[in-house]
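Asks: For reference, this is query26.txt, and it has compact mmCIF, C-alpha atoms.
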# COMPACT_ATOMS: atom_id res chain seq x y z
CA MET L 1 23.13 -10.76 -5.41
CA VAL L 2 19.80 -12.13 -4.26
CA THR L 3 18.79 -11.40 -0.65
CA THR L 4 16.21 -12.92 1.66
CA ASN L 5 14.12 -9.74 1.25
CA ASP L 6 14.06 -10.25 -2.54
CA ILE L 7 12.70 -13.76 -2.02
CA LEU L 8 10.15 -12.68 0.61
CA ASN L 9 8.87 -9.83 -1.57
CA PHE L 10 8.27 -12.34 -4.35
CA ALA L 11 6.65 -14.75 -1.91
CA PHE L 12 4.20 -12.14 -0.63
CA THR L 13 3.11 -11.41 -4.19
CA HIS L 14 2.70 -15.03 -5.28
CA LYS L 15 1.85 -16.84 -2.00
CA VAL L 16 2.78 -20.28 -3.41
CA PHE L 17 5.67 -20.36 -5.86
CA SER L 18 8.24 -22.62 -7.45
CA ARG L 19 12.00 -22.23 -7.42
CA LYS L 20 11.84 -21.96 -11.23
CA ASP L 21 9.36 -19.06 -11.11
CA LEU L 22 11.49 -17.33 -8.47
CA ILE L 23 14.63 -17.64 -10.61
CA THR L 24 12.80 -16.27 -13.66
CA ASN L 25 11.62 -13.24 -11.68
CA LEU L 26 15.04 -12.59 -10.21
CA LYS L 27 16.64 -12.73 -13.67
CA ILE L 28 14.17 -10.15 -14.97
CA HIS L 29 15.23 -7.78 -12.19
CA ASN L 30 18.94 -8.66 -12.50
CA GLN L 31 18.99 -9.97 -8.93
CA ILE L 32 20.08 -13.54 -9.53
CA GLY L 33 23.62 -14.59 -8.68
CA TYR L 34 25.12 -18.03 -8.24
CA PRO L 35 22.62 -20.91 -7.69
CA SER L 36 24.42 -21.73 -4.44
CA SER L 37 23.64 -18.23 -3.14
CA LEU L 38 19.93 -18.67 -3.89
CA SER L 39 19.92 -22.07 -2.19
CA GLU L 40 21.64 -20.59 0.84
CA GLN L 41 19.04 -17.82 1.17
CA LEU L 42 16.13 -20.25 0.71
CA ASN L 43 17.55 -22.59 3.35
CA ARG L 44 17.98 -19.65 5.73
CA LEU L 45 14.32 -18.69 5.29
CA LEU L 46 13.18 -22.28 5.75
CA LYS L 47 15.19 -22.70 8.96
CA SER L 48 13.85 -19.44 10.39
CA GLY L 49 10.25 -20.42 9.59
CA LEU L 50 9.71 -17.50 7.23
CA LEU L 51 9.11 -19.94 4.35
CA ILE L 52 7.57 -23.41 4.18
CA ARG L 53 8.56 -26.13 1.67
CA LEU L 54 5.35 -27.74 0.35
CA GLU L 55 7.21 -30.20 -1.86
CA ARG L 56 10.49 -30.32 -3.74
CA GLY L 57 11.04 -26.91 -5.36
CA ILE L 58 7.66 -25.51 -4.19
CA TYR L 59 7.43 -22.97 -1.36
CA SER L 60 4.85 -20.85 0.45
CA LEU L 61 4.57 -18.39 3.29
CA PRO L 62 3.36 -19.59 6.69
CA ASP L 63 -0.18 -18.58 7.64
CA ASN L 64 1.07 -15.98 10.13
CA ALA L 65 3.60 -14.39 7.77
CA LYS L 66 4.14 -10.65 8.00
CA LYS L 67 5.67 -8.47 5.32
CA ASP L 68 8.28 -5.78 5.93
CA PHE L 69 6.79 -2.35 5.27
CA SER L 70 8.09 -0.10 2.51
CA ILE L 71 6.85 3.02 0.75
CA VAL L 72 5.95 2.81 -2.95
CA CYS L 73 7.99 5.53 -4.63
CA SER L 74 5.83 7.26 -7.25
CA GLU L 75 7.24 9.37 -10.06
CA GLU L 76 6.32 12.45 -8.03
CA ILE L 77 8.36 11.24 -5.06
CA LYS L 78 11.28 10.35 -7.34
CA ASN L 79 11.14 13.83 -8.87
CA ILE L 80 11.07 15.55 -5.47
CA ASN L 81 13.95 13.39 -4.28
CA GLN L 82 16.06 14.24 -7.33
CA GLN L 83 15.55 17.96 -6.82
CA ILE L 84 16.53 17.86 -3.15
CA LYS L 85 19.42 15.47 -3.71
CA THR L 86 20.85 17.68 -6.46
CA GLN L 87 20.54 21.00 -4.62
CA PHE L 88 21.12 19.83 -1.03
CA PRO L 89 23.25 16.67 -1.23
CA PHE L 90 24.19 16.76 2.46
CA ALA L 91 20.73 17.43 3.91
CA ASP L 92 18.97 14.72 5.93
CA TYR L 93 15.41 14.16 4.74
CA CYS L 94 12.78 11.58 3.90
CA ILE L 95 9.78 11.62 1.59
CA TRP L 96 6.46 9.81 1.87
CA PRO L 97 2.85 10.08 0.68
CA GLY L 98 -0.08 10.35 3.06
CA SER L 99 -1.75 7.73 0.88
CA ALA L 100 0.66 5.12 2.33
CA LEU L 101 -1.94 4.71 5.10
CA LEU L 102 -4.98 4.09 2.92
CA SER L 103 -4.82 0.29 2.90
CA TYR L 104 -4.89 0.23 6.72
CA MET L 105 -7.88 2.51 7.19
CA HIS L 106 -11.56 1.72 7.75
CA HIS L 107 -12.91 5.06 6.60
CA ILE L 108 -11.06 6.05 3.44
CA PRO L 109 -10.34 9.80 3.15
CA SER L 110 -8.53 11.54 0.31
CA LEU L 111 -4.87 11.70 1.30
CA SER L 112 -3.31 13.51 -1.65
CA PHE L 113 -0.41 15.20 0.09
CA VAL L 114 3.26 14.28 0.04
CA LEU L 115 5.33 14.83 3.17
CA VAL L 116 8.93 15.97 2.97
CA ASP L 117 10.54 15.69 6.39
CA VAL L 118 13.85 17.55 6.30
CA GLU L 119 16.34 18.76 8.89
CA ARG L 120 15.09 22.05 10.30
CA GLU L 121 18.06 24.12 9.09
CA ALA L 122 17.30 23.21 5.47
CA ALA L 123 13.49 23.28 5.64
CA GLU L 124 12.98 26.80 4.30
CA SER L 125 15.51 26.32 1.49
CA VAL L 126 13.81 23.07 0.44
CA PHE L 127 10.45 24.85 0.58
CA ASN L 128 11.74 27.60 -1.74
CA LEU L 129 13.18 25.03 -4.14
CA LEU L 130 10.02 22.95 -4.43
CA ASN L 131 7.74 25.97 -4.41
CA SER L 132 9.56 27.28 -7.48
CA ASN L 133 9.53 24.00 -9.40
CA SER L 134 6.25 22.29 -8.53
CA ASN L 135 2.79 22.59 -10.07
CA GLN L 136 1.33 21.79 -6.66
CA ARG L 137 0.95 24.04 -3.64
CA VAL L 138 3.85 23.71 -1.21
CA TYR L 139 3.45 24.44 2.51
CA LEU L 140 6.12 24.98 5.13
CA MET L 141 5.28 23.47 8.53
CA PRO L 142 1.55 24.25 8.39
CA SER L 143 -0.47 24.56 11.59
CA LEU L 144 -3.62 22.54 12.20
CA THR L 145 -5.70 25.56 11.12
CA ASP L 146 -3.64 25.93 7.93
CA PHE L 147 -4.07 22.26 7.17
CA GLU L 148 -7.84 22.25 7.71
CA ARG L 149 -8.36 25.47 5.72
CA TYR L 150 -5.99 25.11 2.78
CA ILE L 151 -4.75 21.52 2.43
CA ASN L 152 -6.88 18.72 3.90
CA THR L 153 -8.00 16.69 0.84
CA ASN L 154 -6.17 18.82 -1.75
CA GLN L 155 -2.97 17.83 -3.52
CA ALA L 156 -0.01 19.44 -1.80
CA ILE L 157 3.60 19.05 -0.74
CA ILE L 158 4.18 19.64 2.96
CA ILE L 159 7.63 20.48 4.33
CA ARG L 160 8.12 19.45 7.96
CA PRO L 161 11.08 19.24 10.36
CA LEU L 162 12.79 15.86 10.50
CA ILE L 163 13.29 14.69 14.08
CA SER L 164 16.85 13.53 14.72
CA GLU L 165 17.33 9.75 14.83
CA SER L 166 14.04 9.16 13.02
CA PRO L 167 13.69 5.52 11.85
CA LEU L 168 14.29 5.64 8.07
CA GLN L 169 14.87 3.15 5.29
CA LEU L 170 16.13 3.35 1.72
CA VAL L 171 13.68 2.38 -1.02
CA GLU L 172 14.97 2.61 -4.59
CA GLY L 173 17.75 4.86 -3.31
CA ILE L 174 15.28 7.27 -1.68
CA ASN L 175 15.12 7.93 2.05
CA THR L 176 11.65 7.01 3.27
CA PRO L 177 10.21 6.49 6.76
CA ALA L 178 10.32 3.12 8.44
CA ILE L 179 6.97 1.91 9.72
CA GLU L 180 8.00 2.78 13.30
CA LYS L 181 8.29 6.46 12.35
CA ILE L 182 4.89 6.45 10.68
CA LEU L 183 3.24 4.80 13.68
CA VAL L 184 4.49 7.60 15.92
CA ASP L 185 3.90 10.45 13.48
CA ILE L 186 0.23 9.61 12.97
CA VAL L 187 -0.37 10.02 16.69
CA GLY L 188 -0.44 13.79 17.06
CA ASP L 189 0.82 15.28 13.79
CA VAL L 190 -1.61 17.84 12.34
CA GLU L 191 -1.76 16.04 9.00
CA PHE L 192 -3.32 13.04 10.72
CA SER L 193 -5.56 14.81 13.23
CA PHE L 194 -8.55 12.92 11.78
CA LEU L 195 -7.09 9.66 13.14
CA GLN L 196 -8.75 9.54 16.53
CA GLY L 197 -10.67 7.05 18.65
CA VAL L 198 -11.78 3.93 16.81
CA GLU L 199 -9.96 4.87 13.60
CA ILE L 200 -6.46 5.12 15.11
CA ASN L 201 -7.05 1.78 16.86
CA TYR L 202 -8.12 0.24 13.55
CA VAL L 203 -5.01 1.57 11.77
CA TYR L 204 -2.64 0.37 14.48
CA THR L 205 -4.19 -3.10 14.54
CA ALA L 206 -4.08 -3.41 10.74
CA ILE L 207 -0.42 -2.34 10.56
CA PHE L 208 0.69 -4.65 13.37
CA GLU L 209 -1.17 -7.57 11.76
CA LYS L 210 0.42 -7.07 8.35
CA HIS L 211 3.97 -5.96 9.15
CA ASN L 212 6.96 -6.68 11.34
CA ILE L 213 7.28 -3.94 13.96
CA ASN L 214 10.40 -3.28 16.03
CA LYS L 215 8.82 -2.18 19.31
CA ASN L 216 12.13 -1.01 20.80
CA LYS L 217 12.72 1.25 17.79
CA LEU L 218 9.08 2.38 17.93
CA LEU L 219 9.25 3.39 21.60
CA ARG L 220 12.66 5.07 21.25
CA TYR L 221 11.30 7.35 18.56
CA ALA L 222 8.04 7.84 20.49
CA THR L 223 10.12 8.98 23.46
CA ARG L 224 11.96 11.53 21.31
CA ARG L 225 8.59 12.91 20.24
CA GLY L 226 7.06 12.92 23.72
CA ARG L 227 4.50 10.30 22.69
CA LYS L 228 5.73 7.18 24.46
CA HIS L 229 2.76 6.97 26.84
CA ALA L 230 0.23 7.41 24.01
CA ILE L 231 1.91 4.70 21.93
CA GLU L 232 2.12 2.30 24.88
CA GLU L 233 -1.59 2.83 25.54
CA LEU L 234 -2.44 2.00 21.92
CA ILE L 235 -0.35 -1.16 22.07
CA LYS L 236 -1.94 -2.18 25.37
CA THR L 237 -5.51 -1.31 24.38
CA ASN L 238 -5.29 -3.25 21.13
CA LYS L 239 -3.22 -6.12 22.60
CA LEU L 240 -0.52 -5.70 19.98
Can the structure in the file be given as structure tokens, please?
Replies:
Amino acid sequence: MVTTNDILNFAFTHKVFSRKDLITNLKIHNQIGYPSSLSEQLNRLLKSGLLIRLERGIYSLPDNAKKDFSIVCSEEIKNINQQIKTQFPFADYCIWPGSALLSYMHHIPSLSFVLVDVEREAAESVFNLLNSNSNQRVYLMPSLTDFERYINTNQAIIIRPLISESPLQLVEGINTPAIEKILVDIVGDVEFSFLQGVEINYVYTAIFEKHNINKNKLLRYATRRGRKHAIEELIKTNKL
């Protein structure tokens, strides 16, 4: 059945679109249901101000529209997910690429690593699994020195502990971080130690401008990581 997110994702891609084009796209992805359901979802978006009707059957996003954030799941991420899911079906984990930040950065580094955040008890077992089956180097909870010496701009898979109650979201059946988790992780994690001063302010501003952010969720997770004050300062400094 079609959801409001399906419609908004299409809208962000096409900016101005017709009901006919939307239906065609939904059929291609097997997301179309009854016409009444589509009408109901469109009306809901119109009433909430998330869509604008330009004329009969033609819609667009408002000028201040923001898109929900989601990770793009590459074949590498899908492969890693399948391995972990098969061997450790009850483990809590999420997977995401460092490159997810590239479109929000002013100075573009090479972020070729994939992060696998997994519950601490399973971290070493997941490391052994991926280390045996991957063509890339796999690192278990590297220190800042390890990262700067051996990883940095190189392709790698990094296994890290998953903090309990981390904000996560399913994308294509794969657990990935919600944007609130990423916003906290990049403030202090060794993999993002290059994000300091002007650059971290630039990234925060770009993310807040483009995406919906749940500040309560953001600050709850920041508190769990001992970073609430740092996050609040970034929000205040950048008037976010």
Asks: Give me the residues within 7 Å of L:Thr176 as a PDB file with C-alpha atoms, keeping the file's coordinate frame, counting all atoms listed in the file and dropping any in the same chain fewer than 5 places off.
Replies:
ATOM      1  CA  ILE L  71       6.850   3.020   0.750  1.00  0.00           C
ATOM      2  CA  CYS L  94      12.780  11.580   3.900  1.00  0.00           C
ATOM      3  CA  ILE L  95       9.780  11.620   1.590  1.00  0.00           C
ATOM      4  CA  TRP L  96       6.460   9.810   1.870  1.00  0.00           C
ATOM      5  CA  LEU L 168      14.290   5.640   8.070  1.00  0.00           C
ATOM      6  CA  GLN L 169      14.870   3.150   5.290  1.00  0.00           C
ATOM      7  CA  LEU L 170      16.130   3.350   1.720  1.00  0.00           C
ATOM      8  CA  VAL L 171      13.680   2.380  -1.020  1.00  0.00           C
TER       9      VAL L 171
END
Asks: Considering all atoms listed in the file, state which residue in the set L:Ile186, L:Gly98, L:His107, L:Ser166 is at the smallest distance from L:Asn152.
Replies: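 Smallest separation from L:Asn152 among the options: L:Gly98.
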Asks: Between L:Arg53, L:Lys215, L:Arg160, L:Lys20, single out the one closest to L:Ala123, counting all atoms listed in the file.
Replies: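 The shortest atom-to-atom distance to L:Ala123 comes from L:Arg160.
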Asks: So, counting all atoms listed in the file, which residue among L:Ser143, L:Ser112, L:Thr3, L:Asn9 is closest to L:Ala156?
Replies: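 Closest residue, counting all atoms listed in the file: L:Ser112.
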Asks: Of the candidates L:Val190, L:Met141, L:Met105, L:Ala122, which shows the shortest atom-to-atom distance to L:Phe88, using only C-alpha atoms?
Replies: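 Residue with the minimum atom-to-atom distance to L:Phe88: L:Ala122.
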Asks: Which polymer residues, protein or nucleic acid, are no farther than 9 Å from (2.4, -22.5, 4.4), counting all atoms listed in the file, as a PyMOL selection string?
Replies: chain L and resi 15-16+51-54+59-65
Asks: Let's have the selection written as a JSON list (two decimals), in the frame of the given file, with C-alpha atoms.
Replies:
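Below is the file that was written, part.json:
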[["chain", "number", "residue", "atom", "x", "y", "z"],
["L", 15, "LYS", "CA", 1.85, -16.84, -2.00],
["L", 16, "VAL", "CA", 2.78, -20.28, -3.41],
["L", 51, "LEU", "CA", 9.11, -19.94, 4.35],
["L", 52, "ILE", "CA", 7.57, -23.41, 4.18],
["L", 53, "ARG", "CA", 8.56, -26.13, 1.67],
["L", 54, "LEU", "CA", 5.35, -27.74, 0.35],
["L", 59, "TYR", "CA", 7.43, -22.97, -1.36],
["L", 60, "SER", "CA", 4.85, -20.85, 0.45],
["L", 61, "LEU", "CA", 4.57, -18.39, 3.29],
["L", 62, "PRO", "CA", 3.36, -19.59, 6.69],
["L", 63, "ASP", "CA", -0.18, -18.58, 7.64],
["L", 64, "ASN", "CA", 1.07, -15.98, 10.13],
["L", 65, "ALA", "CA", 3.60, -14.39, 7.77]]
Asks: Which residues come within 9 Å of L:Phe127, counting all atoms listed in the file, excluding same-chain residues fewer than 5 positions away, as a list in words?
Replies: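 So, after excluding close chain neighbours, the residues are Ala122, Ser132, Val138, Tyr139, Leu140, Ile158 and Ile159 of chain L.
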Asks: Which residue out of L:Leu240, L:Ile157, L:Lys66, L:Ala206 has the minimum interatomic distance to L:Asn135 when only C-alpha atoms are used?
Replies: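 Once distances to L:Asn135 are computed over only C-alpha atoms, the minimum belongs to L:Ile157.
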Asks: Give me stretch 93-117 of chain L with N, CA and C atoms filled in, as a short mmCIF file (atom, residue, chain, number, x, y, z; two decimals), keeping the file's coordinate frame.
Replies:
data_model
loop_
_atom_site.label_atom_id
_atom_site.label_comp_id
_atom_site.auth_asym_id
_atom_site.auth_seq_id
_atom_site.Cartn_x
_atom_site.Cartn_y
_atom_site.Cartn_z
N TYR L 93 16.83 14.01 5.03
CA TYR L 93 15.41 14.16 4.74
C TYR L 93 14.81 12.81 4.41
N CYS L 94 13.50 12.75 4.41
CA CYS L 94 12.78 11.58 3.90
C CYS L 94 11.49 12.06 3.25
N ILE L 95 10.97 11.24 2.36
CA ILE L 95 9.78 11.62 1.59
C ILE L 95 8.76 10.48 1.67
N TRP L 96 7.50 10.85 1.87
CA TRP L 96 6.46 9.81 1.87
C TRP L 96 5.09 10.40 1.61
N PRO L 97 4.20 9.60 0.99
CA PRO L 97 2.85 10.08 0.68
C PRO L 97 1.89 9.74 1.82
N GLY L 98 0.96 10.64 2.07
CA GLY L 98 -0.08 10.35 3.06
C GLY L 98 -0.88 9.12 2.68
N SER L 99 -0.97 8.88 1.37
CA SER L 99 -1.75 7.73 0.88
C SER L 99 -1.16 6.39 1.29
N ALA L 100 0.05 6.38 1.85
CA ALA L 100 0.66 5.12 2.33
C ALA L 100 -0.21 4.47 3.40
N LEU L 101 -1.10 5.23 4.03
CA LEU L 101 -1.94 4.71 5.10
C LEU L 101 -3.27 4.14 4.62
N LEU L 102 -3.62 4.39 3.38
CA LEU L 102 -4.98 4.09 2.92
C LEU L 102 -5.38 2.62 3.09
N SER L 103 -4.47 1.71 2.83
CA SER L 103 -4.82 0.29 2.90
C SER L 103 -5.03 -0.21 4.33
N TYR L 104 -4.73 0.64 5.32
CA TYR L 104 -4.89 0.23 6.72
C TYR L 104 -6.08 0.92 7.38
N MET L 105 -6.83 1.69 6.61
CA MET L 105 -7.88 2.51 7.19
C MET L 105 -9.26 1.91 6.94
N HIS L 106 -10.17 2.17 7.87
CA HIS L 106 -11.56 1.72 7.75
C HIS L 106 -12.36 2.73 6.96
N HIS L 107 -12.28 3.98 7.35
CA HIS L 107 -12.91 5.06 6.60
C HIS L 107 -11.84 5.67 5.70
N ILE L 108 -12.08 5.67 4.40
CA ILE L 108 -11.06 6.05 3.44
C ILE L 108 -11.21 7.53 3.06
N PRO L 109 -10.31 8.39 3.55
CA PRO L 109 -10.34 9.80 3.15
C PRO L 109 -9.51 10.00 1.89
N SER L 110 -9.42 11.22 1.42
CA SER L 110 -8.53 11.54 0.31
C SER L 110 -7.22 12.07 0.89
N LEU L 111 -6.17 11.29 0.77
CA LEU L 111 -4.87 11.70 1.30
C LEU L 111 -3.94 11.97 0.11
N SER L 112 -4.01 13.18 -0.41
CA SER L 112 -3.31 13.51 -1.65
C SER L 112 -2.01 14.26 -1.43
N PHE L 113 -1.61 14.42 -0.18
CA PHE L 113 -0.41 15.20 0.09
C PHE L 113 0.82 14.31 0.18
N VAL L 114 1.96 14.93 -0.12
CA VAL L 114 3.26 14.28 0.04
C VAL L 114 4.01 15.01 1.14
N LEU L 115 4.58 14.25 2.05
CA LEU L 115 5.33 14.83 3.17
C LEU L 115 6.82 14.77 2.89
N VAL L 116 7.48 15.90 3.07
CA VAL L 116 8.93 15.97 2.97
C VAL L 116 9.46 16.38 4.34
N ASP L 117 9.98 15.42 5.06
CA ASP L 117 10.54 15.69 6.39
C ASP L 117 12.03 15.94 6.22
#
